[in-house]
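The structure under discussion appears below in the form of structure tokens.
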Amino acid sequence: EQTKQSLALTDELYGISQAINEANNETEILEALARPAAENGAISAILMYLDLDETGKPEWAQIVADWRTEGVTPIPIGTRVYLPEMPLSKFWIADPDSPLLISNIKTDERVDDAARGRMVQGGIQALATIPLTRGREQIATLLFNWDQSHEFSSQENETYNAIIGLATPAVQSRRLFGQIQAALDDAETFRQLAEASGQGVSMATMDGTVTYANP
């Protein structure tokens, strides 16, 4: 039985890895990572990039991908969340090496009354939060939500733990690509505006290196 479970887990992770390698954006990465949760009844999933404070602790999260079943209200991409106000964030921030699994929002002692009320109102009865960490630096977080209580199987637990190592390099690379692309877009916009102005304009880095100067 244990051998069958190990083979099933290996096959599942291989399929996720293949889908991640073929993904072209954050949404496709999330859809690949959400497969195990979706197959076990999850109704929604979110991928959030994290911004750290001066001490290296996650302070803000930005939603960059959203998956959900039909009829579930989507959350706008780009929404920023102040983590000290986000229910249960203190737990996965404090333990970035393990998934946070809540089988029943209504009975779990880690969920305070305020958080419980907000999540139940949002139709969430169980959740899995998977921090994606490079070394000790948290770069992103996955959230999987259920609309009814859900007992996590041992294979689910193994899968969500394995996703941390599987997903982190892909998510990190995708975020870096987006940052580079945004910088290139900003530089191109600057060049176009400079040339349209008809005046001498230049762009330089912090150390004074000139990266663009119009004639």
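By order of appearance in the structure tokens: chains A, B, ..., then residues from 1 within every chain, and ligands from 1 in the order shown.
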* Using DSSP on the backbone coordinates, identify all residues within segment 52-144 of chain A classified as strand (DSSP E or B); present the result as a ChimeraX atom specification. => /A:52,58-68,80-82,100-102,126-134,137-144
* Pick out the residues sitting within 6 Å of segment 54-61 of chain A, and hand them over as a PyMOL selection string; count only C-alpha atoms, and ignore anything fewer than 5 positions along from it in its own chain. => chain A and resi 48-49+80-83
* chain A: residues DSSP assigns to alpha helix (DSSP H), reported as a ChimeraX atom specification -> /A:2-22,26-33,35-39,89-94,113-121,154-197
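Residue nearest Asp51 of chain A, chosen from A:Glu137, A:Glu109, A:Asp11, A:Glu156 and counting only C-alpha atoms: A:Glu137.
When atom CA of Thr133 of chain A is paired with atom CA of Thr168 of chain A, their separation reads 6.4 Å.
With atom CA of Ile46 of chain A on one side and atom CA of Ala19 of chain A on the other, the separation reads 17.1 Å.
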* Between A:Gly71, A:Pro96, A:Gly41, A:Pro84, which has the minimum distance to Leu127 of chain A (counting only C-alpha atoms)? -> A:Gly41
* To do: Tell me which of A:Asp108, A:Glu26, A:Asp53, A:Asp97 sits closest to Ile164 of chain A, counting only C-alpha atoms.
  => A:Asp97
* For Trp146 of chain A: contacts at 8 Å, only C-alpha atoms, fewer than 4 positions along chain excluded, given as a PyMOL selection string -> chain A and resi 41-44+124-127+150
Give me a file of those residues, with C-alpha atoms, as an mmCIF file, in the first residue's frame.
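Written out: again.cif:
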```
data_model
loop_
_atom_site.group_PDB
_atom_site.id
_atom_site.type_symbol
_atom_site.label_atom_id
_atom_site.label_comp_id
_atom_site.auth_asym_id
_atom_site.auth_seq_id
_atom_site.Cartn_x
_atom_site.Cartn_y
_atom_site.Cartn_z
ATOM 1 C CA GLY A 41 -12.568 19.346 -3.738
ATOM 2 C CA ALA A 42 -10.929 22.773 -3.438
ATOM 3 C CA ILE A 43 -13.035 25.566 -4.930
ATOM 4 C CA SER A 44 -10.356 28.237 -5.347
ATOM 5 C CA ILE A 124 -14.301 29.184 3.217
ATOM 6 C CA GLN A 125 -14.530 26.221 5.569
ATOM 7 C CA ALA A 126 -11.046 24.710 5.144
ATOM 8 C CA LEU A 127 -7.761 25.866 3.660
ATOM 9 C CA HIS A 150 -11.853 18.778 4.635
#
```
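Close contacts of segment 110-121 of chain A, defined as residues with an atom at most 10 Å away when counting only C-alpha atoms, with chain neighbours fewer than 2 positions off set aside, comprise Glu85, Met86, Pro87, Leu88, Phe91, Ile102, Asn104, Ile105, Lys106, Thr107, Asp108, Gly123, Ile124, Gln125, Ala126, Leu127, Asn145, Asp147 and Gln148 of chain A.
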Take the residues from that selection and put them in a file with N, CA, C and O atoms, as a PDB file, in the first residue's frame.
```
ATOM      1  N   GLU A  85      -2.969  42.138   8.758  1.00  0.00           N
ATOM      2  CA  GLU A  85      -4.432  42.139   8.829  1.00  0.00           C
ATOM      3  C   GLU A  85      -5.041  40.916   8.162  1.00  0.00           C
ATOM      4  O   GLU A  85      -6.260  40.753   8.147  1.00  0.00           O
ATOM      5  N   MET A  86      -4.218  40.029   7.621  1.00  0.00           N
ATOM      6  CA  MET A  86      -4.712  38.847   6.918  1.00  0.00           C
ATOM      7  C   MET A  86      -4.842  37.680   7.893  1.00  0.00           C
ATOM      8  O   MET A  86      -3.883  37.332   8.590  1.00  0.00           O
ATOM      9  N   PRO A  87      -6.030  37.064   7.959  1.00  0.00           N
ATOM     10  CA  PRO A  87      -6.218  35.951   8.900  1.00  0.00           C
ATOM     11  C   PRO A  87      -5.189  34.836   8.717  1.00  0.00           C
ATOM     12  O   PRO A  87      -4.900  34.433   7.594  1.00  0.00           O
ATOM     13  N   LEU A  88      -4.624  34.379   9.837  1.00  0.00           N
ATOM     14  CA  LEU A  88      -3.719  33.232   9.902  1.00  0.00           C
ATOM     15  C   LEU A  88      -2.340  33.467   9.298  1.00  0.00           C
ATOM     16  O   LEU A  88      -1.499  32.573   9.315  1.00  0.00           O
ATOM     17  N   PHE A  91       0.891  32.539  11.240  1.00  0.00           N
ATOM     18  CA  PHE A  91       1.307  31.153  11.404  1.00  0.00           C
ATOM     19  C   PHE A  91       2.237  30.704  10.284  1.00  0.00           C
ATOM     20  O   PHE A  91       3.275  30.091  10.534  1.00  0.00           O
ATOM     21  N   ILE A 102      -5.702  23.761   7.583  1.00  0.00           N
ATOM     22  CA  ILE A 102      -6.831  23.966   8.485  1.00  0.00           C
ATOM     23  C   ILE A 102      -7.991  23.147   7.950  1.00  0.00           C
ATOM     24  O   ILE A 102      -8.591  23.492   6.928  1.00  0.00           O
ATOM     25  N   ASN A 104     -10.934  22.465   9.444  1.00  0.00           N
ATOM     26  CA  ASN A 104     -12.260  22.989   9.788  1.00  0.00           C
ATOM     27  C   ASN A 104     -12.106  24.362  10.425  1.00  0.00           C
ATOM     28  O   ASN A 104     -11.635  24.481  11.559  1.00  0.00           O
ATOM     29  N   ILE A 105     -12.489  25.390   9.682  1.00  0.00           N
ATOM     30  CA  ILE A 105     -12.357  26.761  10.153  1.00  0.00           C
ATOM     31  C   ILE A 105     -13.125  26.979  11.451  1.00  0.00           C
ATOM     32  O   ILE A 105     -12.691  27.703  12.347  1.00  0.00           O
ATOM     33  N   LYS A 106     -14.272  26.319  11.578  1.00  0.00           N
ATOM     34  CA  LYS A 106     -15.162  26.562  12.717  1.00  0.00           C
ATOM     35  C   LYS A 106     -14.638  25.985  14.023  1.00  0.00           C
ATOM     36  O   LYS A 106     -15.008  26.460  15.098  1.00  0.00           O
ATOM     37  N   THR A 107     -13.782  24.970  13.955  1.00  0.00           N
ATOM     38  CA  THR A 107     -13.352  24.295  15.181  1.00  0.00           C
ATOM     39  C   THR A 107     -11.853  24.426  15.473  1.00  0.00           C
ATOM     40  O   THR A 107     -11.430  24.145  16.594  1.00  0.00           O
ATOM     41  N   ASP A 108     -11.063  24.854  14.497  1.00  0.00           N
ATOM     42  CA  ASP A 108      -9.615  24.932  14.706  1.00  0.00           C
ATOM     43  C   ASP A 108      -9.279  26.064  15.684  1.00  0.00           C
ATOM     44  O   ASP A 108      -9.692  27.208  15.501  1.00  0.00           O
ATOM     45  N   GLY A 123     -17.262  32.081   2.434  1.00  0.00           N
ATOM     46  CA  GLY A 123     -17.546  30.739   1.945  1.00  0.00           C
ATOM     47  C   GLY A 123     -16.410  29.753   2.116  1.00  0.00           C
ATOM     48  O   GLY A 123     -16.382  28.702   1.468  1.00  0.00           O
ATOM     49  N   ILE A 124     -15.452  30.061   3.002  1.00  0.00           N
ATOM     50  CA  ILE A 124     -14.301  29.184   3.217  1.00  0.00           C
ATOM     51  C   ILE A 124     -14.472  28.404   4.508  1.00  0.00           C
ATOM     52  O   ILE A 124     -14.667  28.979   5.575  1.00  0.00           O
ATOM     53  N   GLN A 125     -14.389  27.084   4.408  1.00  0.00           N
ATOM     54  CA  GLN A 125     -14.530  26.221   5.569  1.00  0.00           C
ATOM     55  C   GLN A 125     -13.249  25.456   5.903  1.00  0.00           C
ATOM     56  O   GLN A 125     -13.094  24.933   7.001  1.00  0.00           O
ATOM     57  N   ALA A 126     -12.336  25.365   4.939  1.00  0.00           N
ATOM     58  CA  ALA A 126     -11.046  24.710   5.144  1.00  0.00           C
ATOM     59  C   ALA A 126     -10.045  25.331   4.187  1.00  0.00           C
ATOM     60  O   ALA A 126     -10.432  25.889   3.145  1.00  0.00           O
ATOM     61  N   LEU A 127      -8.767  25.250   4.531  1.00  0.00           N
ATOM     62  CA  LEU A 127      -7.761  25.866   3.660  1.00  0.00           C
ATOM     63  C   LEU A 127      -6.398  25.220   3.836  1.00  0.00           C
ATOM     64  O   LEU A 127      -6.107  24.585   4.848  1.00  0.00           O
ATOM     65  N   ASN A 145      -8.509  26.812  -1.073  1.00  0.00           N
ATOM     66  CA  ASN A 145      -9.681  26.961  -0.216  1.00  0.00           C
ATOM     67  C   ASN A 145     -10.763  25.926  -0.540  1.00  0.00           C
ATOM     68  O   ASN A 145     -10.978  25.582  -1.700  1.00  0.00           O
ATOM     69  N   ASP A 147     -14.986  24.859   0.414  1.00  0.00           N
ATOM     70  CA  ASP A 147     -16.244  25.421   0.925  1.00  0.00           C
ATOM     71  C   ASP A 147     -16.930  24.500   1.923  1.00  0.00           C
ATOM     72  O   ASP A 147     -18.066  24.734   2.314  1.00  0.00           O
ATOM     73  N   GLN A 148     -16.228  23.455   2.326  1.00  0.00           N
ATOM     74  CA  GLN A 148     -16.695  22.588   3.402  1.00  0.00           C
ATOM     75  C   GLN A 148     -15.484  22.025   4.136  1.00  0.00           C
ATOM     76  O   GLN A 148     -14.360  22.083   3.629  1.00  0.00           O
TER      77      GLN A 148
END
```
* **Residues within 10 Å of Ile20 of chain A, only C-alpha atoms, excluding chain neighbours under 2 positions, as a VMD selection string** => chain A and resid 14 to 18 22 to 26 28 to 33 166 to 167 170 to 171
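If you measure from each of A:Ser153, A:Asn21, A:Thr141, A:Ser89 to Val64 of chain A using only C-alpha atoms, the closest one turns out to be A:Thr141.
For the atom pair formed by atom CA of Ser6 of chain A and atom CA of Glu158 of chain A, the distance is 9.6 Å, given to one decimal.
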* **Residue neighbourhood Ala34 of chain A, 8 Å, only C-alpha atoms, exclusion window fewer than 4 positions, as number ranges by chain** => A: 30, 38, 45, 144
